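Asker: Next comes the structure file model31.cif, holding mmCIF, C-alpha atoms; chains and numbers go by the auth columns.
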```cif
data_data
loop_
_atom_site.group_PDB
_atom_site.id
_atom_site.type_symbol
_atom_site.label_atom_id
_atom_site.label_comp_id
_atom_site.label_asym_id
_atom_site.label_seq_id
_atom_site.Cartn_x
_atom_site.Cartn_y
_atom_site.Cartn_z
_atom_site.B_iso_or_equiv
_atom_site.auth_seq_id
_atom_site.auth_asym_id
ATOM 1 C CA MET A 1 -38.233 3.523 -18.170 0.00 29 V
ATOM 2 C CA LYS A 2 -36.010 0.791 -16.697 0.00 30 V
ATOM 3 C CA SER A 3 -32.238 1.238 -16.971 0.00 31 V
ATOM 4 C CA PRO A 4 -30.580 -1.104 -19.496 0.00 32 V
ATOM 5 C CA PHE A 5 -27.575 -1.499 -17.190 0.00 33 V
ATOM 6 C CA THR A 6 -27.092 -4.430 -14.848 0.00 34 V
ATOM 7 C CA GLY A 7 -25.329 -4.065 -11.497 0.00 35 V
ATOM 8 C CA LYS A 8 -22.023 -5.098 -13.091 0.00 36 V
ATOM 9 C CA ASP A 9 -22.490 -2.563 -15.904 0.00 37 V
ATOM 10 C CA MET A 10 -23.055 0.184 -13.351 0.00 38 V
ATOM 11 C CA GLU A 11 -19.869 -0.803 -11.528 0.00 39 V
ATOM 12 C CA VAL A 12 -17.907 -0.511 -14.774 0.00 40 V
ATOM 13 C CA VAL A 13 -19.404 2.908 -15.535 0.00 41 V
ATOM 14 C CA TYR A 14 -18.725 4.133 -11.983 0.00 42 V
ATOM 15 C CA ARG A 15 -15.123 2.858 -11.916 0.00 43 V
ATOM 16 C CA LYS A 16 -14.331 4.355 -15.334 0.00 44 V
ATOM 17 C CA LYS A 17 -15.924 7.695 -14.424 0.00 45 V
ATOM 18 C CA HIS A 18 -13.923 7.948 -11.186 0.00 46 V
ATOM 19 C CA GLY A 19 -10.690 6.417 -12.482 0.00 47 V
ATOM 20 C CA LEU A 20 -10.862 3.479 -10.063 0.00 48 V
ATOM 21 C CA PRO A 21 -9.067 0.198 -10.772 0.00 49 V
ATOM 22 C CA PHE A 22 -10.922 -3.027 -11.486 0.00 50 V
ATOM 23 C CA ILE A 23 -10.542 -6.047 -9.193 0.00 51 V
ATOM 24 C CA ASP A 24 -8.324 -7.905 -11.691 0.00 52 V
ATOM 25 C CA GLU A 25 -5.957 -4.937 -11.797 0.00 53 V
ATOM 26 C CA ILE A 26 -5.863 -4.788 -8.002 0.00 54 V
ATOM 27 C CA VAL A 27 -5.187 -8.520 -7.636 0.00 55 V
ATOM 28 C CA ASP A 28 -2.482 -8.416 -10.320 0.00 56 V
ATOM 29 C CA THR A 29 -0.767 -5.465 -8.643 0.00 57 V
ATOM 30 C CA LEU A 30 -0.801 -7.109 -5.209 0.00 58 V
ATOM 31 C CA PHE A 31 0.348 -10.464 -6.570 0.00 59 V
ATOM 32 C CA ASN A 32 3.176 -8.803 -8.500 0.00 60 V
ATOM 33 C CA TYR A 33 4.236 -7.113 -5.256 0.00 61 V
ATOM 34 C CA TYR A 34 4.445 -10.550 -3.626 0.00 62 V
ATOM 35 C CA LEU A 35 6.477 -11.984 -6.498 0.00 63 V
ATOM 36 C CA GLU A 36 8.894 -9.039 -6.537 0.00 64 V
ATOM 37 C CA HIS A 37 9.496 -9.321 -2.777 0.00 65 V
ATOM 38 C CA GLN A 38 9.041 -13.075 -2.306 0.00 66 V
ATOM 39 C CA GLU A 39 12.646 -13.883 -1.369 0.00 67 V
ATOM 40 C CA GLY A 40 12.767 -11.299 1.429 0.00 68 V
ATOM 41 C CA LEU A 41 9.257 -12.101 2.598 0.00 69 V
ATOM 42 C CA VAL A 42 10.089 -15.808 2.908 0.00 70 V
ATOM 43 C CA LYS A 43 13.041 -14.956 5.145 0.00 71 V
ATOM 44 C CA GLU A 44 10.744 -13.040 7.476 0.00 72 V
ATOM 45 C CA TYR A 45 7.347 -14.762 7.137 0.00 73 V
ATOM 46 C CA ASP A 46 7.905 -18.316 5.849 0.00 74 V
ATOM 47 C CA GLY A 47 4.790 -20.437 6.390 0.00 75 V
ATOM 48 C CA LYS A 48 2.544 -17.499 7.318 0.00 76 V
ATOM 49 C CA TYR A 49 -0.508 -16.209 5.474 0.00 77 V
ATOM 50 C CA LEU A 50 0.205 -12.634 4.452 0.00 78 V
ATOM 51 C CA ILE A 51 -2.335 -9.866 4.099 0.00 79 V
ATOM 52 C CA ILE A 52 -1.114 -7.688 1.253 0.00 80 V
ATOM 53 C CA THR A 53 -2.709 -4.330 0.439 0.00 81 V
ATOM 54 C CA SER A 54 -1.640 -1.271 -1.509 0.00 82 V
ATOM 55 C CA GLU A 55 0.509 -0.491 1.548 0.00 83 V
ATOM 56 C CA GLY A 56 2.443 -3.783 1.233 0.00 84 V
ATOM 57 C CA VAL A 57 2.368 -6.549 3.847 0.00 85 V
ATOM 58 C CA VAL A 58 0.116 -5.416 6.681 0.00 86 V
ATOM 59 C CA GLY A 59 -0.294 -8.678 8.576 0.00 87 V
ATOM 60 C CA ALA A 60 0.991 -12.246 8.883 0.00 88 V
ATOM 61 C CA TYR A 61 -1.097 -15.074 10.340 0.00 89 V
ATOM 62 C CA ASP A 62 -0.727 -18.774 11.096 0.00 90 V
ATOM 63 C CA SER A 63 -4.066 -19.688 9.515 0.00 91 V
ATOM 64 C CA LEU A 64 -5.895 -18.656 6.373 0.00 92 V
ATOM 65 C CA ASN A 65 -9.153 -18.217 8.306 0.00 93 V
ATOM 66 C CA GLU A 66 -7.624 -15.874 10.862 0.00 94 V
ATOM 67 C CA GLY A 67 -5.947 -13.797 8.158 0.00 95 V
ATOM 68 C CA TYR A 68 -9.133 -13.642 6.102 0.00 96 V
ATOM 69 C CA GLU A 69 -11.313 -12.549 9.022 0.00 97 V
ATOM 70 C CA VAL A 70 -8.883 -9.797 10.051 0.00 98 V
ATOM 71 C CA ALA A 71 -8.383 -8.599 6.469 0.00 99 V
ATOM 72 C CA LEU A 72 -12.096 -8.547 5.679 0.00 100 V
ATOM 73 C CA LYS A 73 -12.936 -6.642 8.855 0.00 101 V
ATOM 74 C CA THR A 74 -10.041 -4.190 8.485 0.00 102 V
ATOM 75 C CA TYR A 75 -9.805 -3.609 4.719 0.00 103 V
ATOM 76 C CA GLY A 76 -13.098 -4.799 3.196 0.00 104 V
ATOM 77 C CA LYS A 77 -13.728 -6.986 0.156 0.00 105 V
ATOM 78 C CA GLY A 78 -11.584 -6.328 -2.875 0.00 106 V
ATOM 79 C CA ASN A 79 -8.933 -4.343 -1.011 0.00 107 V
ATOM 80 C CA PHE A 80 -6.492 -7.065 -0.003 0.00 108 V
ATOM 81 C CA MET A 81 -4.884 -10.321 -1.050 0.00 109 V
ATOM 82 C CA LEU A 82 -4.048 -13.310 1.146 0.00 110 V
ATOM 83 C CA GLN A 83 -0.967 -15.279 0.164 0.00 111 V
ATOM 84 C CA LEU A 84 0.754 -18.227 1.829 0.00 112 V
ATOM 85 C CA CYS A 85 4.383 -17.177 2.055 0.00 113 V
ATOM 86 C CA SER A 86 6.774 -19.889 0.880 0.00 114 V
ATOM 87 C CA GLU A 87 9.643 -20.535 -1.496 0.00 115 V
ATOM 88 C CA GLY A 88 9.018 -21.303 -5.156 0.00 116 V
ATOM 89 C CA GLU A 89 5.743 -21.445 -7.044 0.00 117 V
ATOM 90 C CA LYS A 90 3.926 -24.302 -5.307 0.00 118 V
ATOM 91 C CA ASP A 91 1.686 -22.077 -3.183 0.00 119 V
ATOM 92 C CA TYR A 92 0.546 -19.762 -5.940 0.00 120 V
ATOM 93 C CA SER A 93 0.141 -22.002 -8.948 0.00 121 V
ATOM 94 C CA GLN A 94 -3.674 -21.675 -8.701 0.00 122 V
ATOM 95 C CA ARG A 95 -5.494 -18.351 -8.357 0.00 123 V
ATOM 96 C CA PHE A 96 -9.169 -17.886 -7.596 0.00 124 V
ATOM 97 C CA HIS A 97 -11.207 -14.682 -7.800 0.00 125 V
ATOM 98 C CA THR A 98 -13.673 -15.340 -5.011 0.00 126 V
ATOM 99 C CA SER A 99 -14.171 -14.433 -1.392 0.00 127 V
ATOM 100 C CA ARG A 100 -13.539 -18.024 -0.299 0.00 128 V
ATOM 101 C CA VAL A 101 -12.649 -21.363 -1.861 0.00 129 V
ATOM 102 C CA VAL A 102 -13.451 -24.667 -0.173 0.00 130 V
ATOM 103 C CA PHE A 103 -12.410 -28.079 -1.482 0.00 131 V
#
```
Take the structure from the file and write it as structure tokens.
Answerer:
Amino acid sequence: MKSPFTGKDMEVVYRKKHGLPFIDEIVDTLFNYYLEHQEGLVKEYDGKYLIITSEGVVGAYDSLNEGYEVALKTYGKGNFMLQLCSEGEKDYSQRFHTSRVVF
């Protein structure tokens, strides 16, 4: 008999069973870290793309592509956030839940 669960359903069951956070929770936690520390981060990293993980800021890069490639190779999908470090809200007024956005 075929399982009634889709791949996404199985992920939910697995994460609940093992007490693992969901991607939205991870992104929210990392983004909140950025917001809480934004003023100090801007003083140190203004204009850089930050790799933020559960360990805090683990890298700062001049380009989004460079930061993404390093983060993906080092931390794997779903385990990091990339954020352009700048004052105010202008660089985080849009959020996307995808591996890459191209306009």
Asker: Figure out the distance between atom CA of Asp119 of chain V and atom CA of Gln66 of chain V, please, to one decimal in Å.
Answerer: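 A separation of 11.7 Å between them.
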Asker: Here is a test: counting all atoms listed in the file, which residue of V:Gly87, V:Tyr73, V:Thr81, V:Tyr120 is nearest to Gly106 of chain V?
Answerer: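 The shortest atom-to-atom distance to Gly106 of chain V comes from V:Thr81.
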Asker: Any idea what the distance is between atom CA of Ser82 of chain V and atom CA of Ser114 of chain V?
Answerer: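 It comes out at 20.6 Å.
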Asker: Just so the selection is clear, what residues does the PyMOL selection byres ((chain V and resi 109) around 6) cover here, as an NGL selection string?
Answerer: :V and (79-80 or 108 or 110)
Asker: Please measure the separation of atom CA of Leu69 of chain V and atom CA of Val85 of chain V, giving the value in Å to one decimal.
Answerer: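 Atom-to-atom, atom CA of Leu69 of chain V to atom CA of Val85 of chain V, that is 8.9 Å.
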Asker: Using the chain letters and numbers from the file, which residues does the PyMOL selection byres ((chain V and resi 91) around 10) grab, as a PDB file with C-alpha atoms, in the frame of the given file?
Answerer:
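New file out30.pdb:
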```
ATOM      1  CA  GLY V  75       4.790 -20.437   6.390  1.00  0.00           C
ATOM      2  CA  LYS V  76       2.544 -17.499   7.318  1.00  0.00           C
ATOM      3  CA  TYR V  77      -0.508 -16.209   5.474  1.00  0.00           C
ATOM      4  CA  LEU V  78       0.205 -12.634   4.452  1.00  0.00           C
ATOM      5  CA  ALA V  88       0.991 -12.246   8.883  1.00  0.00           C
ATOM      6  CA  TYR V  89      -1.097 -15.074  10.340  1.00  0.00           C
ATOM      7  CA  ASP V  90      -0.727 -18.774  11.096  1.00  0.00           C
ATOM      8  CA  LEU V  92      -5.895 -18.656   6.373  1.00  0.00           C
ATOM      9  CA  ASN V  93      -9.153 -18.217   8.306  1.00  0.00           C
ATOM     10  CA  GLU V  94      -7.624 -15.874  10.862  1.00  0.00           C
ATOM     11  CA  GLY V  95      -5.947 -13.797   8.158  1.00  0.00           C
ATOM     12  CA  TYR V  96      -9.133 -13.642   6.102  1.00  0.00           C
ATOM     13  CA  LEU V 112       0.754 -18.227   1.829  1.00  0.00           C
TER      14      LEU V 112
END
```
